[in-house]
Amino acid sequence: MSKKIHGGSVVEMQGDEMTRVIWELIKEKLIFPYVNLDLHSYDLGIEHRDATNDKVTVEAAEAIKKYNVGIKCATITPDEKRVEEFKLKQMWKSPNGTIRNILGGTVFREAIICKNIPRLVSGWVKPIVIGRHAYGDQYRATDFVVPGPGKVEMTYTPTDGGKPVTYLVHNFESCGGVAMGMYNLDQSIKDFAHSSFQMALSKGWPLYMSTKNTILKKYDGRFKDIFQDIYDREYKSQFEAKKIWYEHRLIDDMVAQALKSEGGFVWACKNYDGDVQSDSVAQGYGSLGMMTSVLICPDGKTVEAEAAHGTVTRHYRMHQKGQETSTNPIASIFAWTRGLAHRAKLDNNTSLKNFAVALEEVCIETIESGSMTKDLAACIKGLANVTRSDYLNTFEFMDKLAENLKRKMASLPKA
């Protein structure tokens with residue numbers, strides 16, 4: 001392959017610490033030698049976010065809206081220690097949260113599977129794509145301690161001047177306790193449904209949505225009804241054409257089914273269920289270093305991809321001291337491949353699609369051939385049994401991937 005592939009417009013967001021070091025290596029060794037991109041770069045490193053009063057994060061999100069593809073490096077979400085470390089003006093919000101609030105959409109996590117990396121759930125031979133509805137429910141609830149005997153009621157007051165409606169929550173007769181009121185929005189549930197159906201179509205896998213509607217008949221029943229209505233009206237024929245399906249399941253039944261399954265489906269979870277199950281599923285596949293995270297917007301056109309892990313601070317401290325590190329770049333590379341694959345889909349760009357597939361294949365083939373970072377060697381042998389000859393350092397592994405990609409690209413048919 002001599003001529004570079006035309007890649008189109010992509011928004012790239014630089015990040016922090018060890019993932020920032022890896023990010024530059026990915027571009028230099030794996031992307032830029034093969035693809036010409038119209039790259040719109042935004043520095044979301046913590047110092048630059050602070051210098052711009054976090055305006056850069058908003059600008060990046062607006063650019064993703066415009067160009068439809070965002071590829072993001074892991075970033076620091078500051079706590080008190082980080083505010084002190086970087087002398088920040090304030091404790092800035094999570095960039096992921098800011099971007100998600102501007103774009104809307106649902107975050108889907110998916111494992112990257114290699115045959116030689118053992119999984120805690122050995123039957124999961126295909127990925128489970130898990131989507132969390134990251135709005136409302138317990139996370140925006142009003143909860144309080146009931147100090148003593150009395151009545152807790154909820155009142156709905158229509159804005160059109162209609163008569164208020166009051167519901168008795170509980171009559172605390174002999175002692176106090178706790179109470180909570182929570183909510184969600186029809187529009188947010190509809191957006192969640194569209195993103196979930198879009199993801200299932202793009203993967204060509206069935207979609208399951210889980211609730212506890214047998215107990216929360218009105219609340220969870222609303223989720224069930226909205227999903228079913230949108231599926232029947234807008235997606236059923238597309239699903240049938242791909243020989244896939246949509247089903248609602250009770251959450252307890254779904255958890256059991258997921259554990260027994262071989263994977264290969266999309267799972268749409270309510271907010272709390274998704275919070276719990278996404279970490280559970282990630283651990284079941286063995287490593288957060290092998291987990292992608294993709295934000296799918298309800299329009300099905302706008303996507304933001306990133307690694308599901310953090311900035312690998314411990315390795316960065318070692319790197320700063322000039323010590324050897326062995327940091328896994330795979331999830332960050334897959335952020336690039338998933339973003340570029342979506343650009344290819346939007347532009348009907350077969351060459352770019354083939355490149356994204358080739359780079360993902362190289363990552364998996366390289367690991368399966370025995371070349372890997374220390375975390376993956378530890379998955380196979382147990383950390384205590386790993387010797388230096390079992391793994392490559394950060395830079396050696398990137399060089400090995402670059403070498404294998406060069407070989408694969410040379411063997412591809414000319415565009």
# chains A, B, ... in the order shown; residues from 1 in each chain; ligands from 1

call {"tool": "residues_around", "arguments": {"residues": "Phe265 in chain A", "least_positions_apart": "2", "cutoff": "8 Å", "atoms": "only C-alpha atoms", "output": "ChimeraX atom specification"}}
result
/A:127-129,200,205-208,263,267

call {"tool": "residues_around", "arguments": {"residues": "Ile230 in chain A", "least_positions_apart": "6", "cutoff": "12 Å", "atoms": "only C-alpha atoms", "output": "list in words"}}
result
Ile189, Lys190, Asp191, Phe192, Ala193, His194, Ser195, Ser196, Phe197, Gln198, Phe223, Lys224, Lys236, Ser237 and Tyr246 of chain A

call {"tool": "write_last_selection", "arguments": {"atoms": "N, CA and C atoms", "output": "mmCIF file, in the first residue's frame"}}
result
data_model
loop_
_atom_site.group_PDB
_atom_site.id
_atom_site.type_symbol
_atom_site.label_atom_id
_atom_site.label_comp_id
_atom_site.auth_asym_id
_atom_site.auth_seq_id
_atom_site.Cartn_x
_atom_site.Cartn_y
_atom_site.Cartn_z
ATOM 1 N N ILE A 189 -35.927 8.713 27.796
ATOM 2 C CA ILE A 189 -36.137 7.274 27.562
ATOM 3 C C ILE A 189 -36.198 6.994 26.055
ATOM 4 N N LYS A 190 -36.850 7.882 25.299
ATOM 5 C CA LYS A 190 -36.927 7.717 23.833
ATOM 6 C C LYS A 190 -35.537 7.783 23.203
ATOM 7 N N ASP A 191 -34.724 8.755 23.656
ATOM 8 C CA ASP A 191 -33.356 8.874 23.133
ATOM 9 C C ASP A 191 -32.541 7.620 23.446
ATOM 10 N N PHE A 192 -32.710 7.108 24.650
ATOM 11 C CA PHE A 192 -32.040 5.873 25.077
ATOM 12 C C PHE A 192 -32.452 4.709 24.177
ATOM 13 N N ALA A 193 -33.735 4.632 23.868
ATOM 14 C CA ALA A 193 -34.244 3.561 23.000
ATOM 15 C C ALA A 193 -33.627 3.654 21.608
ATOM 16 N N HIS A 194 -33.646 4.858 21.018
ATOM 17 C CA HIS A 194 -33.083 5.029 19.669
ATOM 18 C C HIS A 194 -31.599 4.654 19.641
ATOM 19 N N SER A 195 -30.820 5.140 20.626
ATOM 20 C CA SER A 195 -29.392 4.811 20.673
ATOM 21 C C SER A 195 -29.182 3.301 20.772
ATOM 22 N N SER A 196 -30.007 2.639 21.570
ATOM 23 C CA SER A 196 -29.871 1.189 21.770
ATOM 24 C C SER A 196 -30.209 0.418 20.496
ATOM 25 N N PHE A 197 -31.295 0.817 19.826
ATOM 26 C CA PHE A 197 -31.664 0.155 18.563
ATOM 27 C C PHE A 197 -30.594 0.394 17.496
ATOM 28 N N GLN A 198 -30.040 1.625 17.461
ATOM 29 C CA GLN A 198 -28.987 1.943 16.487
ATOM 30 C C GLN A 198 -27.751 1.079 16.726
ATOM 31 N N PHE A 223 -40.718 2.548 30.638
ATOM 32 C CA PHE A 223 -39.553 2.186 29.825
ATOM 33 C C PHE A 223 -39.935 1.088 28.831
ATOM 34 N N LYS A 224 -40.590 0.048 29.347
ATOM 35 C CA LYS A 224 -40.973 -1.099 28.510
ATOM 36 C C LYS A 224 -41.879 -0.658 27.364
ATOM 37 N N LYS A 236 -38.578 -2.482 13.705
ATOM 38 C CA LYS A 236 -38.876 -3.914 13.585
ATOM 39 C C LYS A 236 -38.466 -4.480 12.226
ATOM 40 N N SER A 237 -38.823 -3.785 11.154
ATOM 41 C CA SER A 237 -38.521 -4.308 9.811
ATOM 42 C C SER A 237 -37.011 -4.357 9.567
ATOM 43 N N TYR A 246 -35.566 -7.791 19.118
ATOM 44 C CA TYR A 246 -35.576 -7.030 20.367
ATOM 45 C C TYR A 246 -36.500 -7.720 21.358
#

call {"tool": "residues_around", "arguments": {"residues": "range 36-43 of chain A", "least_positions_apart": "4", "cutoff": "10 Å", "atoms": "only C-alpha atoms", "output": "ChimeraX atom specification"}}
result
/A:3-16,31-32,47-49,56-57,59-61,63-64,67,70-73,340

call {"tool": "select_by_dssp", "arguments": {"residues": "range 194-388 of chain A", "states": "strand (DSSP E)", "output": "list in words"}}
result
Leu207, Tyr208, Met209, Ser210, Thr211, Tyr246, Glu247, His248, Arg249, Leu250, Phe265, Val266, Trp267, Ala268, Cys269, Met291, Thr292, Ser293, Val294, Leu295, Ile296, Val303, Glu304, Ala305, Glu306 and Ala307 of chain A

call {"tool": "write_last_selection", "arguments": {"atoms": "N, CA and C atoms", "output": "short mmCIF file (atom, residue, chain, number, x, y, z; two decimals), in the first residue's frame"}}
result
data_model
loop_
_atom_site.label_atom_id
_atom_site.label_comp_id
_atom_site.auth_asym_id
_atom_site.auth_seq_id
_atom_site.Cartn_x
_atom_site.Cartn_y
_atom_site.Cartn_z
N LEU A 207 -31.05 -7.17 20.65
CA LEU A 207 -31.08 -6.21 21.76
C LEU A 207 -32.02 -6.71 22.85
N TYR A 208 -31.54 -6.68 24.09
CA TYR A 208 -32.38 -6.95 25.25
C TYR A 208 -32.41 -5.69 26.12
N MET A 209 -33.61 -5.35 26.62
CA MET A 209 -33.72 -4.24 27.57
C MET A 209 -34.31 -4.79 28.86
N SER A 210 -33.67 -4.48 29.98
CA SER A 210 -34.09 -5.09 31.25
C SER A 210 -34.68 -4.06 32.21
N THR A 211 -35.78 -4.44 32.88
CA THR A 211 -36.39 -3.62 33.93
C THR A 211 -36.95 -4.55 35.00
N TYR A 246 -35.57 -7.79 19.12
CA TYR A 246 -35.58 -7.03 20.37
C TYR A 246 -36.50 -7.72 21.36
N GLU A 247 -36.06 -7.81 22.62
CA GLU A 247 -36.89 -8.40 23.67
C GLU A 247 -36.72 -7.63 24.97
N HIS A 248 -37.82 -7.46 25.70
CA HIS A 248 -37.74 -6.96 27.07
C HIS A 248 -37.59 -8.14 28.02
N ARG A 249 -36.72 -8.00 29.01
CA ARG A 249 -36.53 -9.06 30.01
C ARG A 249 -36.55 -8.47 31.41
N LEU A 250 -37.00 -9.24 32.38
CA LEU A 250 -36.85 -8.85 33.78
C LEU A 250 -35.37 -8.86 34.14
N PHE A 265 -24.61 -10.04 22.13
CA PHE A 265 -25.87 -9.28 22.15
C PHE A 265 -25.64 -7.90 22.77
N VAL A 266 -26.61 -7.01 22.57
CA VAL A 266 -26.58 -5.68 23.18
C VAL A 266 -27.58 -5.68 24.33
N TRP A 267 -27.16 -5.12 25.46
CA TRP A 267 -27.98 -5.12 26.68
C TRP A 267 -28.20 -3.68 27.11
N ALA A 268 -29.45 -3.22 27.01
CA ALA A 268 -29.80 -1.85 27.43
C ALA A 268 -30.27 -1.88 28.88
N CYS A 269 -29.56 -1.14 29.74
CA CYS A 269 -29.85 -1.15 31.18
C CYS A 269 -30.32 0.22 31.65
N MET A 291 -11.33 -2.91 27.03
CA MET A 291 -12.75 -2.55 27.01
C MET A 291 -12.91 -1.21 26.29
N THR A 292 -13.73 -1.19 25.24
CA THR A 292 -14.01 0.06 24.54
C THR A 292 -15.26 0.72 25.11
N SER A 293 -15.35 2.01 24.88
CA SER A 293 -16.52 2.77 25.32
C SER A 293 -16.92 3.69 24.17
N VAL A 294 -18.17 3.56 23.71
CA VAL A 294 -18.64 4.36 22.58
C VAL A 294 -19.95 5.05 22.95
N LEU A 295 -19.98 6.38 22.77
CA LEU A 295 -21.21 7.14 22.98
C LEU A 295 -21.97 7.22 21.66
N ILE A 296 -23.16 6.66 21.63
CA ILE A 296 -24.00 6.68 20.42
C ILE A 296 -25.14 7.67 20.64
N VAL A 303 -21.11 9.94 16.92
CA VAL A 303 -20.47 8.93 17.77
C VAL A 303 -19.21 9.51 18.40
N GLU A 304 -18.98 9.16 19.66
CA GLU A 304 -17.71 9.51 20.30
C GLU A 304 -17.13 8.25 20.92
N ALA A 305 -15.88 7.92 20.58
CA ALA A 305 -15.25 6.68 21.05
C ALA A 305 -14.08 6.99 21.97
N GLU A 306 -13.91 6.15 22.98
CA GLU A 306 -12.75 6.29 23.89
C GLU A 306 -12.48 4.96 24.57
N ALA A 307 -11.36 4.89 25.30
CA ALA A 307 -11.08 3.72 26.12
C ALA A 307 -11.96 3.78 27.36
#

call {"tool": "select_by_dssp", "arguments": {"residues": "range 169-214 of chain A", "states": "alpha helix (DSSP H)", "output": "ChimeraX atom specification"}}
result
/A:186-203

call {"tool": "write_last_selection", "arguments": {"atoms": "N, CA and C atoms", "output": "CSV table (one decimal), in the first residue's frame"}}
result
chain,number,residue,atom,x,y,z
A,186,ASP,N,-39.8,11.2,29.5
A,186,ASP,CA,-40.1,10.4,28.3
A,186,ASP,C,-39.1,10.6,27.2
A,187,GLN,N,-38.7,11.9,27.0
A,187,GLN,CA,-37.7,12.2,25.9
A,187,GLN,C,-36.4,11.5,26.1
A,188,SER,N,-35.9,11.5,27.4
A,188,SER,CA,-34.7,10.8,27.7
A,188,SER,C,-34.8,9.3,27.4
A,189,ILE,N,-35.9,8.7,27.8
A,189,ILE,CA,-36.1,7.3,27.6
A,189,ILE,C,-36.2,7.0,26.1
A,190,LYS,N,-36.8,7.9,25.3
A,190,LYS,CA,-36.9,7.7,23.8
A,190,LYS,C,-35.5,7.8,23.2
A,191,ASP,N,-34.7,8.8,23.7
A,191,ASP,CA,-33.4,8.9,23.1
A,191,ASP,C,-32.5,7.6,23.4
A,192,PHE,N,-32.7,7.1,24.7
A,192,PHE,CA,-32.0,5.9,25.1
A,192,PHE,C,-32.5,4.7,24.2
A,193,ALA,N,-33.7,4.6,23.9
A,193,ALA,CA,-34.2,3.6,23.0
A,193,ALA,C,-33.6,3.7,21.6
A,194,HIS,N,-33.6,4.9,21.0
A,194,HIS,CA,-33.1,5.0,19.7
A,194,HIS,C,-31.6,4.7,19.6
A,195,SER,N,-30.8,5.1,20.6
A,195,SER,CA,-29.4,4.8,20.7
A,195,SER,C,-29.2,3.3,20.8
A,196,SER,N,-30.0,2.6,21.6
A,196,SER,CA,-29.9,1.2,21.8
A,196,SER,C,-30.2,0.4,20.5
A,197,PHE,N,-31.3,0.8,19.8
A,197,PHE,CA,-31.7,0.2,18.6
A,197,PHE,C,-30.6,0.4,17.5
A,198,GLN,N,-30.0,1.6,17.5
A,198,GLN,CA,-29.0,1.9,16.5
A,198,GLN,C,-27.8,1.1,16.7
A,199,MET,N,-27.4,0.9,18.0
A,199,MET,CA,-26.2,0.1,18.3
A,199,MET,C,-26.4,-1.3,17.9
A,200,ALA,N,-27.6,-1.9,18.2
A,200,ALA,CA,-27.9,-3.3,17.8
A,200,ALA,C,-27.8,-3.5,16.3
A,201,LEU,N,-28.4,-2.5,15.6
A,201,LEU,CA,-28.3,-2.6,14.1
A,201,LEU,C,-26.9,-2.5,13.6
A,202,SER,N,-26.1,-1.7,14.2
A,202,SER,CA,-24.7,-1.5,13.7
A,202,SER,C,-23.9,-2.8,14.0
A,203,LYS,N,-24.2,-3.4,15.1
A,203,LYS,CA,-23.4,-4.7,15.5
A,203,LYS,C,-24.0,-5.9,14.8

call {"tool": "closest_residue", "arguments": {"among": "A:Ala282, A:Ser371, A:Val83, A:Leu412", "to": "Ser351 in chain A", "atoms": "only C-alpha atoms"}}
result
A:Leu412

call {"tool": "residues_around", "arguments": {"residues": "Thr157 in chain A", "least_positions_apart": "6", "cutoff": "12 Å", "atoms": "only C-alpha atoms", "output": "compact mmCIF listing (two decimals) with C-alpha atoms, in the first residue's frame"}}
result
# COMPACT_ATOMS: atom_id res chain seq x y z
CA LYS A 163 -56.08 20.10 40.00
CA PRO A 164 -53.05 18.73 41.94
CA VAL A 165 -52.92 14.96 42.47
CA THR A 166 -51.49 13.55 45.72
CA TYR A 167 -50.18 10.01 46.25

call {"tool": "atom_distance", "arguments": {"atom1": "CA of Arg82 in chain A", "atom2": "CA of Leu103 in chain A"}}
result
26.7 Å

call {"tool": "closest_residue", "arguments": {"among": "A:Asn68, A:Thr77, A:Asn96, A:Asn53", "to": "Lys301 in chain A", "atoms": "only C-alpha atoms"}}
result
A:Asn68

call {"tool": "atom_distance", "arguments": {"atom1": "CA of Ala402 in chain A", "atom2": "CA of Gly382 in chain A"}}
result
27.6 Å

call {"tool": "atom_distance", "arguments": {"atom1": "CA of Gly136 in chain A", "atom2": "CA of Tyr183 in chain A"}}
result
6.1 Å

call {"tool": "residues_around", "arguments": {"residues": "Tyr135 in chain A", "least_positions_apart": "5", "cutoff": "8 Å", "atoms": "only C-alpha atoms", "output": "list in words"}}
result
Arg140, Asn184, Ser188 and Asn271 of chain A

call {"tool": "write_last_selection", "arguments": {"atoms": "N, CA and C atoms", "output": "PDB file, in the first residue's frame"}}
result
ATOM      1  N   ARG A 140     -30.776  11.207  40.306  1.00  0.00           N
ATOM      2  CA  ARG A 140     -31.342  12.553  40.429  1.00  0.00           C
ATOM      3  C   ARG A 140     -32.501  12.555  41.433  1.00  0.00           C
ATOM      4  N   ASN A 184     -37.928  10.137  35.768  1.00  0.00           N
ATOM      5  CA  ASN A 184     -37.240  10.154  34.483  1.00  0.00           C
ATOM      6  C   ASN A 184     -38.121  10.884  33.483  1.00  0.00           C
ATOM      7  N   SER A 188     -35.942  11.473  27.375  1.00  0.00           N
ATOM      8  CA  SER A 188     -34.680  10.802  27.677  1.00  0.00           C
ATOM      9  C   SER A 188     -34.784   9.297  27.429  1.00  0.00           C
ATOM     10  N   ASN A 271     -30.431   3.148  34.599  1.00  0.00           N
ATOM     11  CA  ASN A 271     -29.247   3.824  35.135  1.00  0.00           C
ATOM     12  C   ASN A 271     -28.495   3.013  36.205  1.00  0.00           C
TER      13      ASN A 271
END
